[in-house]
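Pasted below: my_file17.csv, CSV, N, CA and C atoms.
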chain,number,residue,atom,x,y,z
C,3,ASN,N,101.5,134.5,60.1
C,3,ASN,CA,102.5,134.1,61.1
C,3,ASN,C,103.9,133.8,60.5
C,4,ARG,N,103.9,133.9,59.2
C,4,ARG,CA,105.2,133.5,58.5
C,4,ARG,C,106.3,134.5,59.0
C,5,ASP,N,106.0,135.8,59.0
C,5,ASP,CA,107.0,136.8,59.4
C,5,ASP,C,107.5,136.5,60.9
C,6,LEU,N,106.6,136.2,61.7
C,6,LEU,CA,107.0,135.9,63.1
C,6,LEU,C,107.9,134.7,63.2
C,7,ILE,N,107.5,133.7,62.5
C,7,ILE,CA,108.4,132.4,62.5
C,7,ILE,C,109.8,132.7,61.9
C,8,LEU,N,109.9,133.4,60.8
C,8,LEU,CA,111.2,133.8,60.3
C,8,LEU,C,112.0,134.7,61.2
C,9,LEU,N,111.3,135.6,61.9
C,9,LEU,CA,112.0,136.5,62.8
C,9,LEU,C,112.5,135.7,64.0
C,10,THR,N,111.7,134.8,64.5
C,10,THR,CA,112.1,134.0,65.7
C,10,THR,C,113.2,133.0,65.3
C,11,ALA,N,113.1,132.4,64.2
C,11,ALA,CA,114.2,131.5,63.8
C,11,ALA,C,115.5,132.2,63.6
C,12,SER,N,115.4,133.4,62.9
C,12,SER,CA,116.6,134.2,62.7
C,12,SER,C,117.2,134.6,64.0
C,13,ALA,N,116.4,135.0,64.9
C,13,ALA,CA,116.9,135.5,66.2
C,13,ALA,C,117.5,134.4,67.0
C,14,VAL,N,116.9,133.2,67.0
C,14,VAL,CA,117.5,132.0,67.7
C,14,VAL,C,118.8,131.6,67.1
C,15,VAL,N,118.9,131.6,65.7
C,15,VAL,CA,120.2,131.2,65.1
C,15,VAL,C,121.2,132.3,65.4
C,16,LEU,N,120.9,133.5,65.2
C,16,LEU,CA,121.9,134.6,65.4
C,16,LEU,C,122.3,134.7,66.9
C,17,GLY,N,121.3,134.6,67.8
C,17,GLY,CA,121.6,134.6,69.2
C,17,GLY,C,122.5,133.5,69.6
C,18,THR,N,122.2,132.3,69.1
C,18,THR,CA,123.0,131.1,69.5
C,18,THR,C,124.4,131.3,69.0
C,19,LEU,N,124.6,131.7,67.8
C,19,LEU,CA,126.0,131.9,67.3
C,19,LEU,C,126.7,133.0,68.1
C,20,VAL,N,126.1,134.1,68.3
C,20,VAL,CA,126.7,135.3,69.0
C,20,VAL,C,127.0,134.9,70.4
C,21,ILE,N,126.0,134.3,71.1
C,21,ILE,CA,126.2,134.0,72.5
C,21,ILE,C,127.3,133.0,72.7
C,22,GLN,N,127.3,131.9,71.9
C,22,GLN,CA,128.3,130.9,72.0
C,22,GLN,C,129.6,131.4,71.5
C,23,GLY,N,129.7,132.2,70.5
C,23,GLY,CA,130.9,132.8,70.0
C,23,GLY,C,131.6,133.7,71.1
C,24,LEU,N,130.8,134.5,71.8
C,24,LEU,CA,131.3,135.4,72.7
C,24,LEU,C,131.7,134.7,74.1
C,25,THR,N,131.1,133.6,74.4
C,25,THR,CA,131.3,133.0,75.7
C,25,THR,C,132.3,131.8,75.6
C,26,LEU,N,132.7,131.4,74.4
C,26,LEU,CA,133.5,130.2,74.3
C,26,LEU,C,134.9,130.5,74.9
C,27,LYS,N,135.5,131.6,74.6
C,27,LYS,CA,136.9,131.8,75.1
C,27,LYS,C,136.9,132.0,76.6
C,28,PRO,N,136.0,132.8,77.2
C,28,PRO,CA,135.9,132.8,78.7
C,28,PRO,C,135.6,131.5,79.3
C,29,LEU,N,134.8,130.7,78.7
C,29,LEU,CA,134.5,129.3,79.2
C,29,LEU,C,135.8,128.4,79.2
C,30,LEU,N,136.5,128.5,78.1
C,30,LEU,CA,137.8,127.7,78.0
C,30,LEU,C,138.8,128.2,79.1
C,31,ARG,N,138.8,129.5,79.3
C,31,ARG,CA,139.7,130.0,80.4
C,31,ARG,C,139.3,129.5,81.7
C,32,LEU,N,138.0,129.5,82.0
C,32,LEU,CA,137.4,129.1,83.2
C,32,LEU,C,137.7,127.6,83.5
C,33,LEU,N,137.5,126.8,82.5
C,33,LEU,CA,137.7,125.4,82.6
C,33,LEU,C,139.2,125.0,82.6
C,34,ASP,N,140.1,126.0,82.2
C,34,ASP,CA,141.5,125.8,82.1
C,34,ASP,C,141.9,124.6,81.2
C,35,LEU,N,141.2,124.5,80.1
C,35,LEU,CA,141.5,123.4,79.1
C,35,LEU,C,142.7,123.8,78.3
C,36,ARG,N,143.6,122.9,78.1
C,36,ARG,CA,144.9,123.2,77.3
C,36,ARG,C,145.1,122.1,76.3
C,37,ASP,N,145.7,122.4,75.2
C,37,ASP,CA,146.1,121.5,74.2
C,37,ASP,C,147.3,120.7,74.7
C,38,ASP,N,147.3,119.4,74.8
C,38,ASP,CA,148.4,118.6,75.3
C,38,ASP,C,149.4,118.4,74.2
C,39,ASP,N,149.2,118.8,72.9
C,39,ASP,CA,150.1,118.7,71.8
C,39,ASP,C,150.6,117.3,71.6
C,40,TYR,N,149.6,116.3,71.5
C,40,TYR,CA,150.0,114.9,71.4
C,40,TYR,C,150.8,114.7,70.1
C,41,VAL,N,150.4,115.3,69.0
C,41,VAL,CA,151.1,115.1,67.8
C,41,VAL,C,152.5,115.7,67.9
C,42,GLY,N,152.7,116.8,68.5
C,42,GLY,CA,154.0,117.4,68.7
C,42,GLY,C,154.9,116.5,69.5
C,43,ARG,N,154.4,115.9,70.6
C,43,ARG,CA,155.2,115.0,71.4
C,43,ARG,C,155.5,113.7,70.6
C,44,GLU,N,154.6,113.2,69.8
C,44,GLU,CA,154.9,112.0,69.0
C,44,GLU,C,156.0,112.3,68.0
C,45,ILE,N,156.0,113.5,67.4
C,45,ILE,CA,157.0,113.9,66.4
C,45,ILE,C,158.3,114.0,67.1
C,46,ALA,N,158.3,114.6,68.3
C,46,ALA,CA,159.6,114.8,69.0
C,46,ALA,C,160.2,113.4,69.4
C,47,ALA,N,159.3,112.5,69.8
C,47,ALA,CA,159.8,111.1,70.2
C,47,ALA,C,160.3,110.4,69.0
C,48,ALA,N,159.7,110.6,67.8
C,48,ALA,CA,160.2,109.9,66.6
C,48,ALA,C,161.5,110.6,66.2
C,49,ARG,N,161.7,111.9,66.3
C,49,ARG,CA,163.0,112.5,66.0
C,49,ARG,C,164.0,112.0,66.9
C,50,GLU,N,163.7,111.9,68.2
C,50,GLU,CA,164.7,111.4,69.2
C,50,GLU,C,165.1,110.0,68.9
C,51,ARG,N,164.2,109.1,68.5
C,51,ARG,CA,164.5,107.7,68.1
C,51,ARG,C,165.4,107.8,66.9
C,52,ALA,N,165.1,108.6,65.9
C,52,ALA,CA,165.8,108.6,64.7
C,52,ALA,C,167.2,109.1,64.9
C,53,ILE,N,167.4,110.2,65.7
C,53,ILE,CA,168.7,110.7,65.9
C,53,ILE,C,169.5,109.7,66.7
C,54,HIS,N,168.9,109.0,67.7
C,54,HIS,CA,169.7,108.0,68.5
C,54,HIS,C,170.1,106.9,67.6
C,55,ALA,N,169.2,106.4,66.7
C,55,ALA,CA,169.6,105.3,65.8
C,55,ALA,C,170.6,105.7,64.8
C,56,GLY,N,170.5,106.9,64.3
C,56,GLY,CA,171.5,107.4,63.4
C,56,GLY,C,172.9,107.5,64.0
C,57,LEU,N,172.9,108.1,65.2
C,57,LEU,CA,174.2,108.2,65.9
C,57,LEU,C,174.8,106.8,66.3
C,58,GLU,N,173.9,105.9,66.7
C,58,GLU,CA,174.4,104.5,67.0
C,58,GLU,C,175.0,103.9,65.7
C,59,SER,N,174.4,104.1,64.6
C,59,SER,CA,174.9,103.5,63.4
C,59,SER,C,176.3,103.9,62.9
C,60,ILE,N,176.7,105.1,63.4
C,60,ILE,CA,178.1,105.6,63.0
C,60,ILE,C,178.9,105.7,64.2
C,61,ALA,N,178.6,105.1,65.3
C,61,ALA,CA,179.4,105.2,66.6
C,61,ALA,C,180.8,104.7,66.4
C,62,ASP,N,181.0,103.7,65.6
C,62,ASP,CA,182.4,103.1,65.4
C,62,ASP,C,183.2,103.8,64.3
C,63,ASP,N,182.5,104.7,63.6
C,63,ASP,CA,183.2,105.4,62.5
C,63,ASP,C,183.8,106.7,63.0
C,64,HIS,N,185.1,106.8,62.9
C,64,HIS,CA,185.8,107.9,63.4
C,64,HIS,C,186.3,108.8,62.3
C,65,SER,N,185.7,108.7,61.1
C,65,SER,CA,186.1,109.6,60.0
C,65,SER,C,185.7,111.0,60.2
C,66,PRO,N,186.3,112.0,59.5
C,66,PRO,CA,185.8,113.4,59.6
C,66,PRO,C,184.4,113.5,59.2
C,67,ALA,N,183.9,112.8,58.2
C,67,ALA,CA,182.5,112.9,57.7
C,67,ALA,C,181.6,112.4,58.8
C,68,ALA,N,181.9,111.4,59.5
C,68,ALA,CA,181.1,110.9,60.6
C,68,ALA,C,181.0,111.9,61.7
C,69,GLY,N,182.2,112.6,62.0
C,69,GLY,CA,182.2,113.6,63.0
C,69,GLY,C,181.3,114.8,62.6
C,70,ARG,N,181.3,115.2,61.4
C,70,ARG,CA,180.4,116.3,60.9
C,70,ARG,C,179.0,115.9,61.1
C,71,ILE,N,178.7,114.6,60.8
C,71,ILE,CA,177.3,114.1,60.9
C,71,ILE,C,176.9,114.2,62.4
C,72,ARG,N,177.8,113.7,63.3
C,72,ARG,CA,177.5,113.7,64.7
C,72,ARG,C,177.2,115.2,65.2
C,73,GLU,N,178.1,116.1,64.8
C,73,GLU,CA,177.9,117.5,65.2
C,73,GLU,C,176.6,118.0,64.7
C,74,SER,N,176.2,117.7,63.4
C,74,SER,CA,175.0,118.2,62.9
C,74,SER,C,173.8,117.6,63.6
C,75,PHE,N,173.8,116.3,63.9
C,75,PHE,CA,172.7,115.7,64.7
C,75,PHE,C,172.6,116.3,66.1
C,76,HIS,N,173.7,116.6,66.7
C,76,HIS,CA,173.6,117.2,68.1
C,76,HIS,C,173.3,118.6,68.0
C,77,ALA,N,173.7,119.3,67.0
C,77,ALA,CA,173.4,120.8,66.9
C,77,ALA,C,172.0,121.1,66.6
C,78,ARG,N,171.3,120.3,65.8
C,78,ARG,CA,170.0,120.6,65.4
C,78,ARG,C,169.1,119.4,65.7
C,79,PRO,N,168.8,119.0,66.9
C,79,PRO,CA,168.0,117.8,67.2
C,79,PRO,C,166.6,117.9,66.6
C,80,GLY,N,166.0,119.1,66.5
C,80,GLY,CA,164.7,119.2,65.9
C,80,GLY,C,164.6,119.3,64.4
C,81,ALA,N,165.7,119.5,63.8
C,81,ALA,CA,165.8,119.8,62.4
C,81,ALA,C,166.0,118.5,61.6
C,82,SER,N,165.9,118.7,60.3
C,82,SER,CA,166.1,117.5,59.4
C,82,SER,C,167.6,117.2,59.4
C,83,PRO,N,167.9,116.0,59.1
C,83,PRO,CA,169.3,115.6,59.0
C,83,PRO,C,170.0,116.4,57.8
C,84,PRO,N,171.3,116.5,57.8
C,84,PRO,CA,172.1,117.2,56.8
C,84,PRO,C,171.9,116.6,55.5
C,85,GLY,N,172.1,117.4,54.4
C,85,GLY,CA,172.0,116.9,53.1
C,85,GLY,C,173.3,116.4,52.6
C,86,VAL,N,173.3,115.9,51.4
C,86,VAL,CA,174.6,115.3,50.8
C,86,VAL,C,175.1,116.2,49.7
C,87,ARG,N,174.5,117.3,49.5
C,87,ARG,CA,175.0,118.2,48.4
C,87,ARG,C,176.4,118.7,48.7
C,88,GLY,N,177.3,118.5,47.7
C,88,GLY,CA,178.7,119.0,47.8
C,88,GLY,C,179.6,118.0,48.6
C,89,GLU,N,179.1,116.9,49.0
C,89,GLU,CA,179.9,116.0,49.8
C,89,GLU,C,180.7,115.1,48.8
C,90,ARG,N,181.8,114.6,49.2
C,90,ARG,CA,182.5,113.6,48.4
C,90,ARG,C,181.9,112.3,48.6
C,91,SER,N,182.1,111.4,47.7
C,91,SER,CA,181.4,110.1,47.7
C,91,SER,C,181.8,109.3,49.0
C,92,THR,N,183.0,109.5,49.5
C,92,THR,CA,183.4,108.8,50.7
C,92,THR,C,182.7,109.3,51.9
C,93,ASP,N,182.3,110.6,51.9
C,93,ASP,CA,181.6,111.3,53.0
C,93,ASP,C,180.2,110.9,53.0
C,94,VAL,N,179.6,110.5,51.9
C,94,VAL,CA,178.2,110.2,51.8
C,94,VAL,C,177.9,108.8,52.5
C,95,ALA,N,178.8,107.9,52.5
C,95,ALA,CA,178.5,106.6,53.1
C,95,ALA,C,178.1,106.6,54.5
C,96,PRO,N,178.8,107.3,55.4
C,96,PRO,CA,178.3,107.4,56.8
C,96,PRO,C,177.0,108.1,57.0
C,97,LEU,N,176.8,109.1,56.2
C,97,LEU,CA,175.5,109.8,56.2
C,97,LEU,C,174.3,108.9,55.7
C,98,ALA,N,174.6,108.2,54.7
C,98,ALA,CA,173.6,107.2,54.2
C,98,ALA,C,173.3,106.2,55.2
C,99,ARG,N,174.3,105.7,55.9
C,99,ARG,CA,174.1,104.6,56.9
C,99,ARG,C,173.3,105.2,58.1
C,100,ALA,N,173.6,106.4,58.5
C,100,ALA,CA,172.9,107.1,59.6
C,100,ALA,C,171.5,107.3,59.2
C,101,LEU,N,171.2,107.8,58.0
C,101,LEU,CA,169.8,108.1,57.6
C,101,LEU,C,169.0,106.8,57.5
C,102,ARG,N,169.7,105.8,57.0
C,102,ARG,CA,169.0,104.5,56.8
C,102,ARG,C,168.6,104.0,58.2
C,103,ALA,N,169.5,104.0,59.2
C,103,ALA,CA,169.2,103.6,60.5
C,103,ALA,C,168.1,104.4,61.2
C,104,ALA,N,168.2,105.7,61.0
C,104,ALA,CA,167.2,106.6,61.6
C,104,ALA,C,165.8,106.3,61.0
C,105,ARG,N,165.7,106.1,59.7
C,105,ARG,CA,164.5,105.8,59.0
C,105,ARG,C,163.9,104.5,59.5
C,106,GLN,N,164.8,103.5,59.6
C,106,GLN,CA,164.3,102.1,60.0
C,106,GLN,C,163.8,102.2,61.5
C,107,ALA,N,164.5,103.0,62.3
C,107,ALA,CA,164.0,103.0,63.7
C,107,ALA,C,162.6,103.6,63.8
C,108,VAL,N,162.4,104.7,63.1
C,108,VAL,CA,161.0,105.3,63.1
C,108,VAL,C,160.0,104.4,62.5
C,109,VAL,N,160.3,103.7,61.4
C,109,VAL,CA,159.4,102.8,60.8
C,109,VAL,C,159.1,101.6,61.7
C,110,HIS,N,160.1,101.0,62.3
C,110,HIS,CA,159.8,99.9,63.2
C,110,HIS,C,159.0,100.3,64.4
C,111,ALA,N,159.3,101.5,65.0
C,111,ALA,CA,158.5,102.0,66.1
C,111,ALA,C,157.1,102.2,65.7
C,112,ARG,N,156.8,102.7,64.5
C,112,ARG,CA,155.5,102.9,64.0
C,112,ARG,C,154.7,101.6,63.8
C,113,GLN,N,155.4,100.6,63.3
C,113,GLN,CA,154.8,99.3,63.0
C,113,GLN,C,154.5,98.6,64.3
C,114,ARG,N,155.3,98.8,65.4
C,114,ARG,CA,155.0,98.2,66.7
C,114,ARG,C,154.0,99.0,67.5
C,115,GLY,N,153.8,100.2,67.1
C,115,GLY,CA,152.9,101.1,67.9
C,115,GLY,C,153.7,101.5,69.2
C,116,ASP,N,155.0,101.6,69.1
C,116,ASP,CA,155.8,101.8,70.2
C,116,ASP,C,155.6,103.2,70.8
C,117,ARG,N,155.2,103.3,72.1
C,117,ARG,CA,155.1,104.6,72.7
C,117,ARG,C,155.9,104.6,74.0
C,118,ARG,N,156.9,103.7,74.1
C,118,ARG,CA,157.7,103.6,75.3
C,118,ARG,C,158.5,104.9,75.6
C,119,ARG,N,159.1,105.4,74.5
C,119,ARG,CA,160.0,106.5,74.6
C,119,ARG,C,159.3,107.8,74.4
C,120,ARG,N,158.1,107.9,74.7
C,120,ARG,CA,157.3,109.2,74.4
C,120,ARG,C,157.9,110.3,75.3
C,121,VAL,N,158.0,111.5,74.7
C,121,VAL,CA,158.5,112.6,75.4
C,121,VAL,C,157.4,113.1,76.3
C,122,SER,N,157.8,113.4,77.5
C,122,SER,CA,156.8,113.8,78.5
C,122,SER,C,156.3,115.2,78.2
C,123,PRO,N,155.0,115.5,78.5
C,123,PRO,CA,154.5,116.9,78.2
C,123,PRO,C,155.2,117.9,79.0
C,124,PRO,N,155.2,119.2,78.5
C,124,PRO,CA,155.9,120.2,79.2
C,124,PRO,C,155.2,120.6,80.5

Kindly present the structure from the file in structure tokens form.
Amino acid sequence: NRDLILLTASAVVLGTLVIQGLTLKPLLRLLDLRDDDYVGREIAAARERAIHAGLESIADDHSPAAGRIRESFHARPGASPPGVRGERSTDVAPLARALRAARQAVVHARQRGDRRRRVSPP
């Protein structure tokens, strides 16, 4: 009976994998399950907080460097903040202040578990 047991076990395993593998996608379509992208929304909310805090920190600074930083923050809201390569030392101060404020805003929100400004799902 050993051969019959091995054949049955193999058929059950193979059948289970094949049947479940072939029916999973149609089942998900039927149930209309979607990924709500929780992590993506949290990242977007953190970026929004960081950009807002960074812009607030240089709101009173009307120097050309602060203007470039504002343009960069507005132009690429989903991207990383601009680098300091090639900037003069006087131009780096507003950028450092904006980055410090942005970093602190994200860290404080994480420490508080703040979810108030969560970006709504699409």

Report, in Å with one decimal, the straight-line distance from CA of Leu16 in chain C to CA of Leu29 in chain C.
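CA of Leu29 in chain C lies 19.4 Å from CA of Leu16 in chain C.
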
Show which residues sit within 8 Å of range 107-114 of chain C, as a PyMOL selection string. Count all atoms listed in the file, and ignore same-chain residues fewer than 6 positions away.
chain C and resi 47-49+51-53+55-56+101

For the atom pair atom N of Arg43 in chain C and atom C of Ala104 in chain C, what is the interatomic distance in Å to one decimal place?
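Interatomic distance here is 17.7 Å.
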
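Between CA of Ile21 in chain C and CA of Arg36 in chain C there is a distance of 22.1 Å.
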
So that I can check the secondary structure, give me every residue of range 13-78 of chain C assigned helix (DSSP H, G or I) by backbone DSSP, as a PyMOL selection string.
chain C and resi 13-33+40-59+66-77

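You can rank C:Ala95, C:Ala103, C:Gly115, C:Arg70 by their closest distance to His54 in chain C using all atoms listed in the file, and at the top of that list sits C:Ala103.
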